[in-house]
Amino acid sequence: EFGDAVLAAVPADAAVDAVGSAPGRVVIDCTNSVAPGRFVLDEPRAAARLAEASGAHVVKAFNLCHVDVWRLPSLTFEGRPLGVPLCGDSPAALDVVRALVRSIGCAPVDAGPLARAELLEAATVFAIGLWMGGTDVRSMFPPVTPELLQR
C-alpha cells in the first residue's frame, strides 16, 4: 500500500499468488524458474503471466545474477558497475526501476518490452547454470570495442 514499487522475490511458481491483484502498481519480477540443484525453465513467460494476472506494471529485473551476487558489499566489477537488464512496457515503471538500480550502484540496461522478458528468463537459467558449474560467463560476452563495431 506504500512505496514506489513492490519486489516479487518469491519462487516463480508463487509470484502470481503472492502479488495478487495489483492494478497500476509497479511490480519488479526477479523470479527465475529454478529448483535446488537444477536449473529448469518449466514456466516460461513468468513476467508476462504475472502482469496478466495482477494488472500491474511489471518490470523484469534483478534476475540475471545468482542471489549471492546481491549479497556482495560492492556491485562493481573490474571498475564497472553491474549491468541490470530491464524488460517492461510502462515508461513510468521503467523509470522507477532504473532509479532503484542506480541507487544500489548498478547500471540499468534497457532490454526491451516485457515480451522480451521470456528471453531474459531463459538466458538467466542458462547463465546461472554455467556460473554454478564454475564457468566464467564473461568469456562469452567480450566487451564491445570500436574494432568490433566496425566489422
# chains A, B, ... in the order shown; residues from 1 in each chain; ligands from 1

call {"tool": "residues_around", "arguments": {"residues": "region 69-71 of chain A", "least_positions_apart": "2", "cutoff": "12 Å", "atoms": "only C-alpha atoms", "output": "VMD selection string"}}
result
chain A and resid 30 62 to 67 73 to 77 82 84 101 104 to 106 128 131 to 132

call {"tool": "write_last_selection", "arguments": {"atoms": "N, CA, C and O atoms", "output": "JSON list (two decimals), in the first residue's frame"}}
result
[["chain", "number", "residue", "atom", "x", "y", "z"],
["A", 30, "CYS", "N", 11.77, -10.50, -10.09],
["A", 30, "CYS", "CA", 13.15, -11.00, -10.11],
["A", 30, "CYS", "C", 13.18, -12.52, -10.08],
["A", 30, "CYS", "O", 14.23, -13.13, -9.84],
["A", 62, "PHE", "N", 16.69, -7.66, -11.96],
["A", 62, "PHE", "CA", 17.40, -8.24, -10.82],
["A", 62, "PHE", "C", 17.40, -9.77, -10.84],
["A", 62, "PHE", "O", 17.62, -10.40, -9.81],
["A", 63, "ASN", "N", 17.15, -10.38, -11.99],
["A", 63, "ASN", "CA", 17.08, -11.84, -12.03],
["A", 63, "ASN", "C", 18.28, -12.49, -12.71],
["A", 63, "ASN", "O", 18.44, -13.69, -12.64],
["A", 64, "LEU", "N", 19.14, -11.71, -13.34],
["A", 64, "LEU", "CA", 20.22, -12.29, -14.13],
["A", 64, "LEU", "C", 21.33, -12.89, -13.28],
["A", 64, "LEU", "O", 21.96, -13.86, -13.69],
["A", 65, "CYS", "N", 21.54, -12.35, -12.10],
["A", 65, "CYS", "CA", 22.62, -12.84, -11.25],
["A", 65, "CYS", "C", 22.11, -13.79, -10.18],
["A", 65, "CYS", "O", 20.98, -13.67, -9.71],
["A", 66, "HIS", "N", 22.98, -14.67, -9.78],
["A", 66, "HIS", "CA", 22.69, -15.56, -8.66],
["A", 66, "HIS", "C", 22.46, -14.71, -7.41],
["A", 66, "HIS", "O", 23.03, -13.63, -7.25],
["A", 67, "VAL", "N", 21.64, -15.19, -6.51],
["A", 67, "VAL", "CA", 21.28, -14.45, -5.30],
["A", 67, "VAL", "C", 22.51, -14.01, -4.51],
["A", 67, "VAL", "O", 22.52, -12.93, -3.89],
["A", 73, "PRO", "N", 29.37, -6.83, -0.91],
["A", 73, "PRO", "CA", 29.43, -5.45, -0.41],
["A", 73, "PRO", "C", 29.55, -4.40, -1.52],
["A", 73, "PRO", "O", 29.20, -3.25, -1.32],
["A", 74, "SER", "N", 30.01, -4.82, -2.70],
["A", 74, "SER", "CA", 30.12, -3.90, -3.83],
["A", 74, "SER", "C", 29.62, -4.60, -5.08],
["A", 74, "SER", "O", 29.89, -5.78, -5.29],
["A", 75, "LEU", "N", 28.90, -3.87, -5.89],
["A", 75, "LEU", "CA", 28.39, -4.42, -7.14],
["A", 75, "LEU", "C", 29.13, -3.81, -8.33],
["A", 75, "LEU", "O", 28.57, -3.58, -9.40],
["A", 76, "THR", "N", 30.42, -3.53, -8.10],
["A", 76, "THR", "CA", 31.30, -3.04, -9.14],
["A", 76, "THR", "C", 32.33, -4.13, -9.42],
["A", 76, "THR", "O", 32.90, -4.69, -8.49],
["A", 77, "PHE", "N", 32.51, -4.42, -10.69],
["A", 77, "PHE", "CA", 33.42, -5.48, -11.10],
["A", 77, "PHE", "C", 34.38, -4.95, -12.15],
["A", 77, "PHE", "O", 33.94, -4.38, -13.15],
["A", 82, "LEU", "N", 27.75, -3.23, -12.11],
["A", 82, "LEU", "CA", 26.98, -4.36, -12.63],
["A", 82, "LEU", "C", 25.82, -3.84, -13.47],
["A", 82, "LEU", "O", 25.08, -2.95, -13.04],
["A", 84, "VAL", "N", 22.17, -4.25, -15.03],
["A", 84, "VAL", "CA", 20.92, -4.92, -14.66],
["A", 84, "VAL", "C", 19.93, -4.76, -15.82],
["A", 84, "VAL", "O", 19.41, -3.67, -16.04],
["A", 101, "VAL", "N", 17.83, 0.77, -9.51],
["A", 101, "VAL", "CA", 19.08, 0.13, -9.97],
["A", 101, "VAL", "C", 20.26, 1.07, -9.71],
["A", 101, "VAL", "O", 21.29, 0.65, -9.17],
["A", 104, "ILE", "N", 21.61, 1.50, -6.02],
["A", 104, "ILE", "CA", 22.48, 0.48, -5.42],
["A", 104, "ILE", "C", 23.81, 0.37, -6.15],
["A", 104, "ILE", "O", 24.56, -0.58, -5.96],
["A", 105, "GLY", "N", 24.11, 1.35, -7.00],
["A", 105, "GLY", "CA", 25.40, 1.39, -7.66],
["A", 105, "GLY", "C", 25.51, 0.58, -8.93],
["A", 105, "GLY", "O", 26.60, 0.34, -9.42],
["A", 106, "CYS", "N", 24.38, 0.16, -9.47],
["A", 106, "CYS", "CA", 24.38, -0.63, -10.70],
["A", 106, "CYS", "C", 23.96, 0.24, -11.89],
["A", 106, "CYS", "O", 23.54, 1.37, -11.71],
["A", 128, "ILE", "N", 23.12, -18.91, -15.11],
["A", 128, "ILE", "CA", 23.32, -19.30, -13.72],
["A", 128, "ILE", "C", 23.79, -20.75, -13.65],
["A", 128, "ILE", "O", 24.66, -21.09, -12.84],
["A", 131, "TRP", "N", 27.40, -20.61, -14.42],
["A", 131, "TRP", "CA", 28.10, -19.94, -13.32],
["A", 131, "TRP", "C", 28.26, -20.89, -12.14],
["A", 131, "TRP", "O", 29.34, -21.01, -11.58],
["A", 132, "MET", "N", 27.20, -21.59, -11.80],
["A", 132, "MET", "CA", 27.26, -22.54, -10.68],
["A", 132, "MET", "C", 28.20, -23.71, -10.98],
["A", 132, "MET", "O", 28.75, -24.31, -10.08]]

call {"tool": "select_by_dssp", "arguments": {"residues": "region 17-120 of chain A", "states": "alpha helix (DSSP H)", "output": "list in words"}}
result
Asp17, Ala18, Val19, Ala46, Ala47, Ala48, Arg49, Leu50, Ala51, Glu52, Ala53, Ser54, Pro91, Ala92, Ala93, Leu94, Asp95, Val96, Val97, Arg98, Ala99, Leu100, Val101, Arg102, Ser103, Ala117, Glu118, Leu119 and Leu120 of chain A

call {"tool": "write_last_selection", "arguments": {"atoms": "C-alpha atoms", "output": "PDB file, in the first residue's frame"}}
result
ATOM      1  CA  ASP A  17      -0.500 -15.702  -5.800  1.00  0.00           C
ATOM      2  CA  ALA A  18       1.938 -13.577  -3.766  1.00  0.00           C
ATOM      3  CA  VAL A  19       1.291 -10.397  -5.746  1.00  0.00           C
ATOM      4  CA  ALA A  46       6.793 -15.787 -15.824  1.00  0.00           C
ATOM      5  CA  ALA A  47       6.831 -11.972 -16.027  1.00  0.00           C
ATOM      6  CA  ALA A  48       4.094 -11.861 -18.657  1.00  0.00           C
ATOM      7  CA  ARG A  49       1.874 -14.209 -16.643  1.00  0.00           C
ATOM      8  CA  LEU A  50       2.410 -12.046 -13.565  1.00  0.00           C
ATOM      9  CA  ALA A  51       1.423  -8.900 -15.489  1.00  0.00           C
ATOM     10  CA  GLU A  52      -1.663 -10.561 -16.959  1.00  0.00           C
ATOM     11  CA  ALA A  53      -2.847 -11.940 -13.622  1.00  0.00           C
ATOM     12  CA  SER A  54      -2.155  -8.884 -11.467  1.00  0.00           C
ATOM     13  CA  PRO A  91       7.843   4.036 -19.287  1.00  0.00           C
ATOM     14  CA  ALA A  92       6.941   5.292 -15.791  1.00  0.00           C
ATOM     15  CA  ALA A  93       7.521   1.861 -14.207  1.00  0.00           C
ATOM     16  CA  LEU A  94      10.837   1.530 -16.031  1.00  0.00           C
ATOM     17  CA  ASP A  95      11.872   4.958 -14.685  1.00  0.00           C
ATOM     18  CA  VAL A  96      11.131   3.821 -11.111  1.00  0.00           C
ATOM     19  CA  VAL A  97      13.181   0.644 -11.549  1.00  0.00           C
ATOM     20  CA  ARG A  98      16.054   2.483 -13.278  1.00  0.00           C
ATOM     21  CA  ALA A  99      16.270   4.791 -10.257  1.00  0.00           C
ATOM     22  CA  LEU A 100      16.342   1.787  -7.893  1.00  0.00           C
ATOM     23  CA  VAL A 101      19.078   0.132  -9.965  1.00  0.00           C
ATOM     24  CA  ARG A 102      21.196   3.298  -9.879  1.00  0.00           C
ATOM     25  CA  SER A 103      20.599   3.723  -6.132  1.00  0.00           C
ATOM     26  CA  ALA A 117      11.450 -10.975 -20.577  1.00  0.00           C
ATOM     27  CA  GLU A 118      10.996 -14.625 -21.516  1.00  0.00           C
ATOM     28  CA  LEU A 119      14.298 -14.428 -23.423  1.00  0.00           C
ATOM     29  CA  LEU A 120      15.941 -12.922 -20.345  1.00  0.00           C
TER      30      LEU A 120
END

call {"tool": "select_by_dssp", "arguments": {"residues": "region 65-100 of chain A", "states": "strand (DSSP E or B)", "output": "number ranges by chain"}}
result
A: 76-77, 80-81, 83-88

call {"tool": "write_last_selection", "arguments": {"atoms": "C-alpha atoms", "output": "compact mmCIF listing (two decimals), in the first residue's frame"}}
result
# COMPACT_ATOMS: atom_id res chain seq x y z
CA THR A 76 31.30 -3.04 -9.14
CA PHE A 77 33.42 -5.48 -11.10
CA ARG A 80 32.46 -1.18 -13.89
CA PRO A 81 29.04 -1.22 -12.21
CA GLY A 83 24.53 -4.06 -15.50
CA VAL A 84 20.92 -4.92 -14.66
CA PRO A 85 18.71 -5.75 -17.67
CA LEU A 86 15.18 -4.35 -17.52
CA CYS A 87 12.22 -5.54 -19.59
CA GLY A 88 8.95 -3.67 -19.30

call {"tool": "residues_around", "arguments": {"residues": "region 141-144 of chain A", "least_positions_apart": "5", "cutoff": "12 Å", "atoms": "only C-alpha atoms", "output": "mmCIF file with N, CA, C and O atoms, in the first residue's frame"}}
result
data_model
loop_
_atom_site.group_PDB
_atom_site.id
_atom_site.type_symbol
_atom_site.label_atom_id
_atom_site.label_comp_id
_atom_site.auth_asym_id
_atom_site.auth_seq_id
_atom_site.Cartn_x
_atom_site.Cartn_y
_atom_site.Cartn_z
ATOM 1 N N GLU A 78 35.671 -5.131 -11.881
ATOM 2 C CA GLU A 78 36.715 -4.640 -12.779
ATOM 3 C C GLU A 78 36.485 -3.166 -13.116
ATOM 4 O O GLU A 78 36.639 -2.735 -14.254
ATOM 5 N N ARG A 80 33.704 -1.508 -13.209
ATOM 6 C CA ARG A 80 32.456 -1.179 -13.886
ATOM 7 C C ARG A 80 31.269 -1.633 -13.046
ATOM 8 O O ARG A 80 31.285 -2.729 -12.491
ATOM 9 N N ALA A 127 22.697 -19.065 -17.935
ATOM 10 C CA ALA A 127 23.904 -18.437 -17.384
ATOM 11 C C ALA A 127 24.156 -18.851 -15.937
ATOM 12 O O ALA A 127 25.301 -19.125 -15.562
ATOM 13 N N ASP A 136 33.309 -19.120 -16.199
ATOM 14 C CA ASP A 136 33.352 -17.658 -16.181
ATOM 15 C C ASP A 136 32.583 -17.172 -17.406
ATOM 16 O O ASP A 136 33.108 -17.159 -18.515
ATOM 17 N N LEU A 149 32.768 -3.057 -33.535
ATOM 18 C CA LEU A 149 31.628 -2.352 -34.123
ATOM 19 C C LEU A 149 31.829 -2.046 -35.597
ATOM 20 O O LEU A 149 30.866 -1.835 -36.329
ATOM 21 N N GLN A 150 33.081 -1.997 -36.059
ATOM 22 C CA GLN A 150 33.360 -1.680 -37.462
ATOM 23 C C GLN A 150 33.236 -2.894 -38.361
ATOM 24 O O GLN A 150 33.259 -2.765 -39.577
ATOM 25 N N ARG A 151 33.090 -4.050 -37.808
ATOM 26 C CA ARG A 151 33.022 -5.270 -38.632
ATOM 27 C C ARG A 151 31.662 -5.473 -39.214
ATOM 28 O O ARG A 151 30.664 -5.143 -38.815
#
